[in-house]
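**Student:** Provided herewith: target_10.tsv, TSV, C-alpha atoms.
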chain	number	residue	atom	x	y	z
A	11	MET	CA	52.56	-65.83	81.97
A	12	MET	CA	54.51	-64.04	84.67
A	13	PRO	CA	53.98	-60.25	84.69
A	14	ARG	CA	56.92	-58.19	83.53
A	15	PRO	CA	58.96	-56.83	86.46
A	16	TRP	CA	59.23	-53.09	87.10
A	17	TRP	CA	62.78	-52.79	85.77
A	18	ASN	CA	61.69	-54.09	82.37
A	19	ILE	CA	59.70	-50.88	82.03
A	20	GLY	CA	60.86	-48.05	84.25
A	21	ALA	CA	64.60	-48.68	84.29
A	22	LEU	CA	64.83	-49.16	80.53
A	23	ASP	CA	62.87	-45.94	80.04
A	24	LEU	CA	65.30	-44.13	82.32
A	25	VAL	CA	68.28	-45.66	80.50
A	26	ASN	CA	67.10	-44.28	77.16
A	27	PHE	CA	66.20	-40.89	78.67
A	28	SER	CA	69.49	-40.42	80.52
A	29	LEU	CA	71.73	-41.68	77.70
A	30	ALA	CA	70.17	-39.05	75.45
A	31	ASP	CA	70.99	-36.51	78.16
A	32	VAL	CA	74.64	-37.59	78.27
A	33	ARG	CA	75.13	-37.21	74.54
A	34	GLY	CA	72.95	-34.14	74.13
A	35	ALA	CA	74.71	-32.19	76.89
A	36	PHE	CA	78.00	-32.22	75.00
A	37	GLY	CA	77.79	-32.33	71.22
A	38	PRO	CA	75.80	-29.21	70.25
A	39	TYR	CA	77.77	-26.91	72.55
A	40	LEU	CA	81.34	-27.96	71.81
A	41	GLY	CA	81.74	-25.94	68.62
A	42	VAL	CA	80.13	-22.84	70.14
A	43	PHE	CA	82.34	-23.06	73.22
A	44	LEU	CA	85.55	-23.50	71.23
A	45	VAL	CA	84.81	-20.68	68.79
A	46	THR	CA	83.31	-18.08	71.11
A	47	GLN	CA	85.15	-18.78	74.37
A	48	GLN	CA	88.46	-20.27	73.24
A	49	HIS	CA	88.71	-18.33	69.95
A	50	TRP	CA	89.32	-21.36	67.75
A	51	ASN	CA	88.78	-21.03	64.02
A	52	GLN	CA	86.07	-23.00	62.24
A	53	ALA	CA	88.62	-25.09	60.32
A	54	ALA	CA	90.08	-26.55	63.52
A	55	VAL	CA	86.62	-27.28	64.92
A	56	GLY	CA	85.58	-28.89	61.63
A	57	LEU	CA	88.73	-31.03	61.52
A	58	ILE	CA	88.05	-32.44	64.99
A	59	ALA	CA	84.40	-33.11	64.13
A	60	THR	CA	85.38	-34.85	60.88
A	61	ILE	CA	88.05	-37.08	62.41
A	62	SER	CA	85.93	-38.09	65.39
A	63	GLY	CA	82.95	-38.69	63.09
A	64	LEU	CA	84.94	-40.94	60.79
A	65	VAL	CA	86.29	-42.89	63.75
A	66	GLY	CA	82.74	-43.33	64.98
A	67	LEU	CA	81.68	-44.68	61.60
A	68	VAL	CA	84.58	-47.14	61.39
A	69	ILE	CA	83.91	-48.49	64.88
A	70	GLN	CA	80.18	-49.18	64.35
A	71	ALA	CA	80.47	-52.74	63.07
A	72	PRO	CA	83.24	-53.79	65.53
A	73	TRP	CA	81.08	-52.47	68.38
A	74	GLY	CA	78.21	-54.63	67.15
A	75	ALA	CA	80.44	-57.70	66.96
A	76	LEU	CA	81.72	-57.07	70.49
A	77	ILE	CA	78.22	-56.67	71.91
A	78	ASP	CA	77.16	-59.91	70.20
A	79	ALA	CA	80.14	-61.73	71.69
A	80	VAL	CA	80.11	-60.63	75.35
A	81	ARG	CA	77.64	-60.94	78.20
A	82	CYS	CA	78.75	-57.82	80.10
A	83	LYS	CA	76.55	-55.40	78.17
A	84	ARG	CA	75.78	-53.30	81.25
A	85	ALA	CA	79.50	-52.94	81.99
A	86	LEU	CA	80.17	-51.78	78.42
A	87	ILE	CA	77.61	-48.99	78.79
A	88	VAL	CA	79.00	-47.93	82.17
A	89	ALA	CA	82.55	-47.91	80.76
A	90	GLY	CA	81.37	-45.76	77.86
A	91	LEU	CA	79.65	-43.36	80.25
A	92	THR	CA	82.88	-43.04	82.22
A	93	VAL	CA	84.78	-42.13	79.06
A	94	LEU	CA	82.18	-39.50	78.14
A	95	ALA	CA	82.22	-37.96	81.61
A	96	LEU	CA	86.03	-37.75	81.73
A	97	GLY	CA	86.20	-36.46	78.16
A	98	ALA	CA	83.71	-33.67	78.84
A	99	MET	CA	85.63	-32.55	81.93
A	100	ALA	CA	88.91	-32.66	80.01
A	101	VAL	CA	87.47	-30.37	77.33
A	102	ALA	CA	86.15	-27.98	79.98
A	103	TRP	CA	89.45	-27.70	81.86
A	104	TRP	CA	92.09	-28.21	79.12
A	105	PRO	CA	90.63	-27.01	75.80
A	106	SER	CA	93.87	-27.39	73.81
A	107	PHE	CA	93.76	-28.87	70.32
A	108	ALA	CA	95.46	-32.12	71.38
A	109	ALA	CA	93.24	-32.58	74.44
A	110	VAL	CA	90.00	-31.84	72.60
A	111	MET	CA	90.97	-34.06	69.66
A	112	THR	CA	91.81	-36.96	71.96
A	113	ALA	CA	88.73	-36.50	74.13
A	114	LYS	CA	86.33	-36.08	71.22
A	115	THR	CA	87.70	-39.14	69.42
A	116	LEU	CA	87.51	-41.35	72.52
A	117	MET	CA	84.02	-40.06	73.19
A	118	ALA	CA	83.00	-40.92	69.63
A	119	VAL	CA	84.29	-44.47	70.11
A	120	ALA	CA	82.50	-44.86	73.45
A	121	GLY	CA	79.26	-43.17	72.39
A	122	THR	CA	78.91	-45.30	69.29
A	123	GLY	CA	78.34	-48.36	71.44
A	124	PHE	CA	75.35	-46.99	73.34
A	125	GLY	CA	72.75	-47.55	70.63
A	126	PRO	CA	73.57	-51.20	69.85
A	127	ALA	CA	74.12	-52.01	73.53
A	128	VAL	CA	70.71	-50.65	74.54
A	129	ALA	CA	69.10	-52.42	71.58
A	130	ALA	CA	70.74	-55.69	72.65
A	131	MET	CA	69.58	-55.26	76.24
A	132	THR	CA	66.08	-54.54	74.97
A	133	LEU	CA	66.08	-57.73	72.91
A	134	GLY	CA	67.37	-59.66	75.90
A	135	LEU	CA	64.77	-58.25	78.29
A	136	CYS	CA	61.70	-58.11	76.09
A	137	PRO	CA	59.86	-61.10	74.60
A	138	PRO	CA	59.35	-60.92	70.82
A	139	TYR	CA	55.61	-60.30	70.99
A	140	ALA	CA	56.22	-57.07	72.95
A	141	LEU	CA	59.28	-55.91	71.01
A	142	ALA	CA	57.56	-53.44	68.66
A	143	TRP	CA	55.94	-51.63	71.59
A	144	ARG	CA	59.16	-51.63	73.61
A	145	LEU	CA	61.29	-50.20	70.79
A	146	GLY	CA	58.72	-47.47	70.32
A	147	GLN	CA	59.04	-46.67	74.02
A	148	ASN	CA	62.83	-46.57	73.67
A	149	ALA	CA	62.61	-44.05	70.85
A	150	ALA	CA	60.07	-41.90	72.69
A	151	TRP	CA	62.17	-41.69	75.86
A	152	ASP	CA	65.31	-41.01	73.81
A	153	HIS	CA	63.64	-38.03	72.13
A	154	ALA	CA	62.28	-36.83	75.47
A	155	GLY	CA	65.81	-36.91	76.86
A	156	HIS	CA	67.15	-34.85	73.97
A	157	VAL	CA	64.47	-32.20	74.41
A	158	THR	CA	64.98	-32.04	78.17
A	159	ILE	CA	68.77	-31.72	78.09
A	160	THR	CA	68.56	-29.09	75.36
A	161	LEU	CA	66.42	-26.93	77.62
A	162	VAL	CA	68.53	-27.60	80.73
A	163	ALA	CA	71.84	-27.02	78.94
A	164	GLY	CA	70.53	-23.82	77.39
A	165	ALA	CA	69.52	-22.53	80.82
A	166	VAL	CA	72.86	-23.52	82.37
A	167	GLY	CA	74.79	-21.88	79.56
A	168	PHE	CA	72.74	-18.70	79.84
A	169	TRP	CA	72.71	-18.30	83.62
A	170	LEU	CA	76.11	-19.75	84.49
A	171	SER	CA	78.58	-20.22	81.62
A	172	GLN	CA	79.18	-22.27	78.50
A	173	ARG	CA	81.90	-24.18	80.34
A	174	ALA	CA	79.38	-25.23	82.99
A	175	VAL	CA	77.34	-27.10	80.34
A	176	PHE	CA	80.05	-29.75	80.05
A	177	PHE	CA	79.73	-30.59	83.74
A	178	LEU	CA	76.19	-31.75	83.05
A	179	VAL	CA	77.74	-34.75	81.28
A	180	PRO	CA	79.14	-36.47	84.42
A	181	VAL	CA	75.89	-35.75	86.27
A	182	CYS	CA	73.83	-37.33	83.49
A	183	ALA	CA	76.37	-40.17	83.21
A	184	ILE	CA	75.88	-41.05	86.88
A	185	MET	CA	72.10	-41.09	86.37
A	186	ALA	CA	72.47	-43.31	83.31
A	187	ALA	CA	74.87	-45.70	85.07
A	188	MET	CA	72.50	-46.07	88.01
A	189	ALA	CA	69.64	-46.82	85.62
A	190	VAL	CA	71.67	-49.41	83.71
A	191	LEU	CA	72.91	-51.15	86.86
A	192	SER	CA	69.39	-51.25	88.31
A	193	ILE	CA	68.56	-53.85	85.64
A	194	PRO	CA	69.69	-57.25	87.02
A	195	ALA	CA	72.28	-58.93	84.81
A	196	ARG	CA	70.44	-62.25	85.16
A	197	ALA	CA	67.32	-60.69	83.64
A	198	ILE	CA	68.99	-60.33	80.21
A	199	ASP	CA	68.65	-63.32	77.91
A	200	HIS	CA	71.99	-63.03	76.11
A	201	ALA	CA	71.09	-65.53	73.40
A	202	ARG	CA	67.99	-63.54	72.54
A	203	ALA	CA	70.00	-60.31	72.74
A	204	ARG	CA	72.15	-61.61	69.87
A	205	GLY	CA	69.12	-62.44	67.75
A	206	LEU	CA	69.21	-66.18	68.35
A	207	GLU	CA	65.98	-68.15	68.34
A	208	PRO	CA	63.93	-67.75	71.52
A	209	SER	CA	64.06	-70.37	74.23
A	210	ALA	CA	61.32	-72.88	75.04
A	211	GLU	CA	59.90	-70.40	77.61
A	212	LEU	CA	59.46	-67.53	74.80
A	213	LEU	CA	57.84	-70.22	72.71
A	214	MET	CA	55.30	-70.67	75.51
A	215	ALA	CA	54.72	-66.93	75.59
A	216	LEU	CA	54.13	-66.94	71.84
A	217	LEU	CA	51.57	-69.71	72.16
A	218	VAL	CA	49.67	-67.62	74.68
A	219	GLY	CA	49.92	-64.18	73.14
A	220	ALA	CA	50.91	-64.41	69.47
A	221	ARG	CA	48.85	-62.62	66.87
A	222	ALA	CA	49.72	-60.52	63.88
A	223	GLU	CA	49.99	-56.76	64.10
A	224	HIS	CA	47.42	-54.87	62.06
A	225	TRP	CA	49.77	-52.84	59.89
A	226	GLY	CA	53.20	-54.47	59.89
A	227	ARG	CA	56.58	-52.77	59.48
A	228	LYS	CA	56.56	-51.86	55.80
A	229	PRO	CA	53.65	-49.37	55.71
A	230	LEU	CA	55.14	-47.37	58.58
A	231	LEU	CA	58.58	-47.35	56.99
A	232	LEU	CA	57.03	-46.24	53.71
A	233	ALA	CA	55.45	-43.35	55.60
A	234	ALA	CA	58.88	-42.46	56.99
A	235	PHE	CA	60.43	-42.57	53.51
A	236	ALA	CA	57.57	-40.51	52.07
A	237	ALA	CA	58.12	-37.73	54.62
A	238	LEU	CA	61.58	-37.02	53.20
A	239	PRO	CA	60.74	-36.01	49.59
A	240	ILE	CA	57.61	-34.17	50.75
A	241	ARG	CA	59.73	-32.11	53.14
A	242	GLY	CA	62.26	-31.33	50.42
A	243	VAL	CA	59.60	-30.01	48.05
A	244	LEU	CA	57.77	-28.01	50.73
A	245	PHE	CA	60.98	-26.24	51.72
A	246	THR	CA	61.09	-24.63	48.26
A	247	LEU	CA	57.63	-23.06	48.53
A	248	SER	CA	58.30	-20.34	51.11
A	249	ASN	CA	61.03	-18.69	53.18
A	250	ASP	CA	58.62	-17.75	55.96
A	251	ARG	CA	59.99	-18.75	59.36
A	252	SER	CA	56.74	-20.32	60.58
A	253	TRP	CA	56.44	-22.32	57.37
A	254	LEU	CA	60.01	-23.63	57.64
A	255	VAL	CA	59.53	-24.67	61.27
A	256	THR	CA	56.28	-26.45	60.40
A	257	VAL	CA	57.85	-28.29	57.46
A	258	GLN	CA	60.81	-29.30	59.63
A	259	CYS	CA	58.37	-31.23	61.81
A	260	LEU	CA	58.26	-33.81	59.01
A	261	ASP	CA	61.87	-34.56	59.86
A	262	GLY	CA	60.70	-35.55	63.33
A	263	VAL	CA	58.08	-37.82	61.78
A	264	GLY	CA	60.62	-39.59	59.60
A	265	ASN	CA	63.32	-39.85	62.25
A	266	GLY	CA	60.87	-41.04	64.88
A	267	LEU	CA	59.59	-43.85	62.66
A	268	PHE	CA	63.07	-44.83	61.48
A	269	GLY	CA	64.45	-44.82	65.02
A	270	ALA	CA	61.73	-47.11	66.32
A	271	LEU	CA	61.45	-49.45	63.32
A	272	ARG	CA	65.08	-49.92	62.28
A	273	PRO	CA	66.01	-52.17	65.24
A	274	LEU	CA	62.70	-53.99	64.91
A	275	VAL	CA	63.22	-54.79	61.22
A	276	LEU	CA	66.81	-55.82	61.89
A	277	HIS	CA	65.54	-58.15	64.59
A	278	ASP	CA	63.09	-59.68	62.10
A	279	LEU	CA	65.82	-60.19	59.50
A	280	MET	CA	68.58	-61.41	61.81
A	281	ARG	CA	66.56	-63.62	64.14
A	282	GLY	CA	68.27	-66.95	64.56
A	283	THR	CA	71.67	-65.81	63.28
A	284	GLY	CA	73.21	-64.51	66.50
A	285	ARG	CA	74.56	-61.52	64.57
A	286	TYR	CA	71.97	-58.85	65.26
A	287	ASN	CA	74.34	-56.24	66.65
A	288	ILE	CA	77.02	-56.54	63.98
A	289	ALA	CA	74.26	-56.10	61.38
A	290	ALA	CA	73.02	-53.04	63.26
A	291	GLY	CA	76.56	-51.64	63.26
A	292	ALA	CA	76.92	-52.19	59.53
A	293	VAL	CA	73.60	-50.45	58.84
A	294	ALA	CA	74.58	-47.52	61.07
A	295	THR	CA	77.89	-47.21	59.22
A	296	ILE	CA	76.17	-47.07	55.83
A	297	GLN	CA	73.64	-44.57	57.17
A	298	GLY	CA	76.46	-42.40	58.51
A	299	ILE	CA	78.25	-42.45	55.16
A	300	GLY	CA	75.02	-41.41	53.47
A	301	ALA	CA	74.58	-38.53	55.92
A	302	VAL	CA	78.12	-37.29	55.27
A	303	LEU	CA	77.69	-37.51	51.50
A	304	SER	CA	74.35	-35.72	51.76
A	305	HIS	CA	75.99	-32.72	53.38
A	306	VAL	CA	78.76	-32.63	50.77
A	307	VAL	CA	76.42	-33.03	47.79
A	308	ALA	CA	73.90	-30.51	49.11
A	309	GLY	CA	76.63	-27.99	49.85
A	310	CYS	CA	78.04	-28.24	46.34
A	311	ILE	CA	74.60	-27.88	44.75
A	312	VAL	CA	73.79	-24.84	46.91
A	313	VAL	CA	76.98	-23.15	45.75
A	314	ALA	CA	76.35	-23.99	42.10
A	315	ALA	CA	72.58	-23.59	41.78
A	316	GLY	CA	70.99	-22.39	45.02
A	317	TYR	CA	68.97	-23.83	47.88
A	318	ASN	CA	65.82	-24.71	45.95
A	319	ILE	CA	67.68	-26.91	43.49
A	320	ALA	CA	69.50	-28.57	46.38
A	321	PHE	CA	66.21	-29.35	48.14
A	322	LEU	CA	64.66	-30.71	44.95
A	323	THR	CA	67.71	-32.86	44.24
A	324	LEU	CA	67.62	-34.39	47.70
A	325	ALA	CA	63.86	-34.90	47.35
A	326	THR	CA	64.49	-36.78	44.10
A	327	ILE	CA	67.03	-39.03	45.83
A	328	ALA	CA	64.50	-39.63	48.62
A	329	CYS	CA	61.86	-40.56	46.01
A	330	ALA	CA	64.27	-43.12	44.58
A	331	ALA	CA	64.77	-44.55	48.07
A	332	PHE	CA	60.99	-44.72	48.59
A	333	THR	CA	60.49	-46.54	45.27
A	334	THR	CA	63.33	-48.98	45.95
A	335	PHE	CA	61.91	-49.82	49.37
A	336	LEU	CA	58.36	-50.15	48.00
A	337	VAL	CA	59.39	-52.56	45.24
A	338	GLY	CA	62.32	-54.43	46.75
A	339	MET	CA	61.66	-54.75	50.50
A	340	PRO	CA	59.24	-57.39	51.74
A	341	GLU	CA	57.23	-57.20	54.94
A	342	THR	CA	59.45	-58.60	57.70
A	343	ARG	CA	56.80	-59.08	60.40
A	344	ARG	CA	56.56	-62.65	61.63
A	345	GLY	CA	53.23	-62.34	63.38
A	346	ASP	CA	54.49	-62.67	66.96
A	347	SER	CA	53.78	-59.16	68.22
A	348	LEU	CA	50.94	-57.82	70.28
A	349	LYS	CA	49.26	-54.46	70.41
A	350	ALA	CA	50.48	-52.22	73.21
A	351	GLU	CA	47.20	-52.53	75.12
A	352	GLU	CA	47.62	-56.33	75.25
A	353	LEU	CA	51.05	-56.24	76.85
A	354	VAL	CA	49.92	-55.88	80.47
A	355	LEU	CA	48.82	-59.39	81.40
What do you get writing this file as structure tokens?
**Tutor:**
Amino acid sequence: MMPRPWWNIGALDLVNFSLADVRGAFGPYLGVFLVTQQHWNQAAVGLIATISGLVGLVIQAPWGALIDAVRCKRALIVAGLTVLALGAMAVAWWPSFAAVMTAKTLMAVAGTGFGPAVAAMTLGLCPPYALAWRLGQNAAWDHAGHVTITLVAGAVGFWLSQRAVFFLVPVCAIMAAMAVLSIPARAIDHARARGLEPSAELLMALLVGARAEHWGRKPLLLAAFAALPIRGVLFTLSNDRSWLVTVQCLDGVGNGLFGALRPLVLHDLMRGTGRYNIAAGAVATIQGIGAVLSHVVAGCIVVAAGYNIAFLTLATIACAAFTTFLVGMPETRRGDSLKAEELVL
């Protein structure tokens, strides 16, 4: 088998790292900037966040369908980066309600496509036996990017100004675009990126390297589901700051596992259909609706009965999800993945 070229590793790592930077340099600071520097009220900020969030949810599945249909996946990411860069600069220079609403909505539309586009490129670049390892790498570099830009943006906001944080977006967008374009278009197998059956050449790779993973997808996903109710119960035991921070680490465990395994399980289920990305968009839409409802339900329970009851209620819902997954979801692994240490041939 031919060794994997450098851009299959380094450039894809940089893509995930820098895309996290682009998104992370804008979202968390917008509300603070508008309230503290532009003297907006919370209702106006909440209205913009709600509208842009709903638009992002609605556009998930169409984005997936578009990515399945076209071959210019790199160009879609670069176009989205351009929209984010221009939107961030517009907010920094013209923070009127109309300008911020327009920019935030367009940025929501553009940003929604990054996840499925990168997942499609990963499928198109990476043979199936290495996919589990590669998706784990994607998630790790994405989280590293979020941590890095949080620290950088905090320093910029402290030493320069809150407005200066938004100018990190075009800088990070240029980095991300360079990383995306460094991956040759011809290197992406567009049929495989849609979840179609692998070509005769992947088949040869499978004959050489195929063997079942030791654990499979389901046990790891069960661990991710289990972290949610455990966290909810532990939050009720103490108000100590150190305790709360420690318990919150379970959220990182669950999110890390979900982020890495969701595209992998979708690939297992949608292989051969050519509809991987539209399925990913539909799942993301449902997940977004659940997140919105969670905030609403938890808020109402807190008002009516307090935080502990809210945490226990959400933990009960998470237990129901765990049980449903345990009983109703089969193992999706097809036995064509390798351990990470076997990937360098």
**Student:** With only C-alpha atoms as the atoms that count, which of A:Leu267, A:Ala21, A:Ala290, A:Leu178 lies nearest to Ala102 in chain A?
**Tutor:**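 Of all the options, A:Leu178 lies closest to Ala102 in chain A.
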**Student:** Taking all listed atoms of range 90-101 of chain A, build the axis-aligned box, pad each of the six sides by 3 Å, then write its centre and edge lengths in Å to one decimal as lines of an AutoDock Vina configuration file.
**Tutor:**
center_x = 84.3
center_y = -38.1
center_z = 79.8
size_x = 15.3
size_y = 21.4
size_z = 10.9
**Student:** What's around Gln172 in chain A at 12 Å? Count all atoms listed in the file, leave out sequence neighbours fewer than 6 positions away in its own chain, and write the answer as an NGL selection string.
**Tutor:** :A and (35-36 or 38-48 or 101-102 or 163-166 or 178)
**Student:** How close does each residue of range 51-159 of chain A get to range 268-288 of chain A, giving the shortest atom pair and distance in Å to one decimal for every residue with an atom at most 9 Å away, counting only C-alpha atoms, sorted by chain and residue number, as a Markdown table?
**Tutor:**
| residue | atom | partner | partner_atom | distance |
| --- | --- | --- | --- | --- |
| A:Gln70 | CA | A:Ile288 | CA | 8.0 |
| A:Ala71 | CA | A:Ile288 | CA | 5.2 |
| A:Pro72 | CA | A:Ile288 | CA | 7.0 |
| A:Trp73 | CA | A:Ile288 | CA | 7.2 |
| A:Gly74 | CA | A:Ile288 | CA | 3.9 |
| A:Ala75 | CA | A:Ile288 | CA | 4.7 |
| A:Leu76 | CA | A:Ile288 | CA | 8.0 |
| A:Ile77 | CA | A:Asn287 | CA | 6.6 |
| A:Asp78 | CA | A:Asn287 | CA | 5.8 |
| A:Pro126 | CA | A:Asn287 | CA | 6.0 |
| A:Ala127 | CA | A:Asn287 | CA | 8.1 |
| A:Ala129 | CA | A:Pro273 | CA | 7.1 |
| A:Ala130 | CA | A:Asn287 | CA | 7.0 |
| A:Leu133 | CA | A:His277 | CA | 8.3 |
| A:Leu141 | CA | A:Leu274 | CA | 7.3 |
| A:Ala142 | CA | A:Leu274 | CA | 6.4 |
| A:Arg144 | CA | A:Ala270 | CA | 9.0 |
| A:Leu145 | CA | A:Ala270 | CA | 5.5 |
| A:Gly146 | CA | A:Ala270 | CA | 5.0 |
| A:Gln147 | CA | A:Ala270 | CA | 8.2 |
| A:Asn148 | CA | A:Ala270 | CA | 7.5 |
| A:Ala149 | CA | A:Ala270 | CA | 5.5 |
| A:Ala150 | CA | A:Ala270 | CA | 8.4 |
**Student:** For the point (86.6, -35.8, 65.3) in file coordinates, what residues are within 10 Å, counting only C-alpha atoms? Give the answer as a compact mmCIF listing (two decimals) with C-alpha atoms, in the coordinates of the input?
**Tutor:**
# COMPACT_ATOMS: atom_id res chain seq x y z
CA VAL A 55 86.62 -27.28 64.92
CA GLY A 56 85.58 -28.89 61.63
CA LEU A 57 88.73 -31.03 61.52
CA ILE A 58 88.05 -32.44 64.99
CA ALA A 59 84.40 -33.11 64.13
CA THR A 60 85.38 -34.85 60.88
CA ILE A 61 88.05 -37.08 62.41
CA SER A 62 85.93 -38.09 65.39
CA GLY A 63 82.95 -38.69 63.09
CA LEU A 64 84.94 -40.94 60.79
CA VAL A 65 86.29 -42.89 63.75
CA GLY A 66 82.74 -43.33 64.98
CA VAL A 110 90.00 -31.84 72.60
CA MET A 111 90.97 -34.06 69.66
CA THR A 112 91.81 -36.96 71.96
CA ALA A 113 88.73 -36.50 74.13
CA LYS A 114 86.33 -36.08 71.22
CA THR A 115 87.70 -39.14 69.42
CA LEU A 116 87.51 -41.35 72.52
CA MET A 117 84.02 -40.06 73.19
CA ALA A 118 83.00 -40.92 69.63
**Student:** Record the distance separating CA of Ile184 in chain A and CA of Val88 in chain A, expressed in Å with one decimal.
**Tutor:** 8.9 Å
**Student:** Could you jot down the CA of Ser304 in chain A to CA of Ile159 in chain A separation for me, Å, one decimal place?
**Tutor:**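 These atoms are spaced 27.2 Å apart.
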**Student:** Mind giving me the straight-line distance from CA of Met131 in chain A to CA of Gly20 in chain A in Å, one decimal?
**Tutor:**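 These two atoms are separated by 13.9 Å.
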**Student:** I'd like to know which of A:Ala100, A:Val263, A:Leu86, A:Ala201 is closest to Arg241 in chain A, using all atoms listed in the file.
**Tutor:**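 Residue with the minimum atom-to-atom distance to Arg241 in chain A: A:Val263.
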**Student:** Counting only C-alpha atoms, figure out which residue out of A:Cys310, A:Ala331, A:Cys182, A:Ala108 gets nearest to Ala237 in chain A.
**Tutor:**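 Checking each candidate against Ala237 in chain A, we get A:Ala331 as the closest.
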**Student:** Can you pull out the residues contacting Asn26 in chain A? Cut-off 6 Å, using only C-alpha atoms, and skip same-chain residues under 3 positions away; I want them as a list in words.
**Tutor:** Asp23, Leu29, Asn148, Trp151 and Asp152 of chain A
**Student:** Closest to Cys82 in chain A among A:Val293, A:Ile311, A:Val190, A:Ile240, using only C-alpha atoms?
**Tutor:** A:Val190
**Student:** Return the single residue from A:Arg33, A:Arg202, A:Arg251, A:Arg173 that is closest to Cys136 in chain A, with distances computed using all atoms listed in the file.
**Tutor:** A:Arg202
**Student:** Check the smallest atom-to-atom distance from each of A:Ser28, A:Asn51, A:Thr246, A:Ser252 to Thr323 in chain A using all atoms listed in the file, then report the winner.
**Tutor:** A:Thr246
**Student:** Skip Phe245 in chain A itself and residues of its chain fewer than 5 positions away, then list as a compact mmCIF listing (two decimals) with C-alpha atoms, in the coordinates of the input all residues within 8 Å of it, counting all atoms listed in the file.
**Tutor:**
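Saved file selection17.txt follows:
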# COMPACT_ATOMS: atom_id res chain seq x y z
CA LEU A 254 60.01 -23.63 57.64
CA VAL A 257 57.85 -28.29 57.46
CA ASN A 318 65.82 -24.71 45.95
CA PHE A 321 66.21 -29.35 48.14
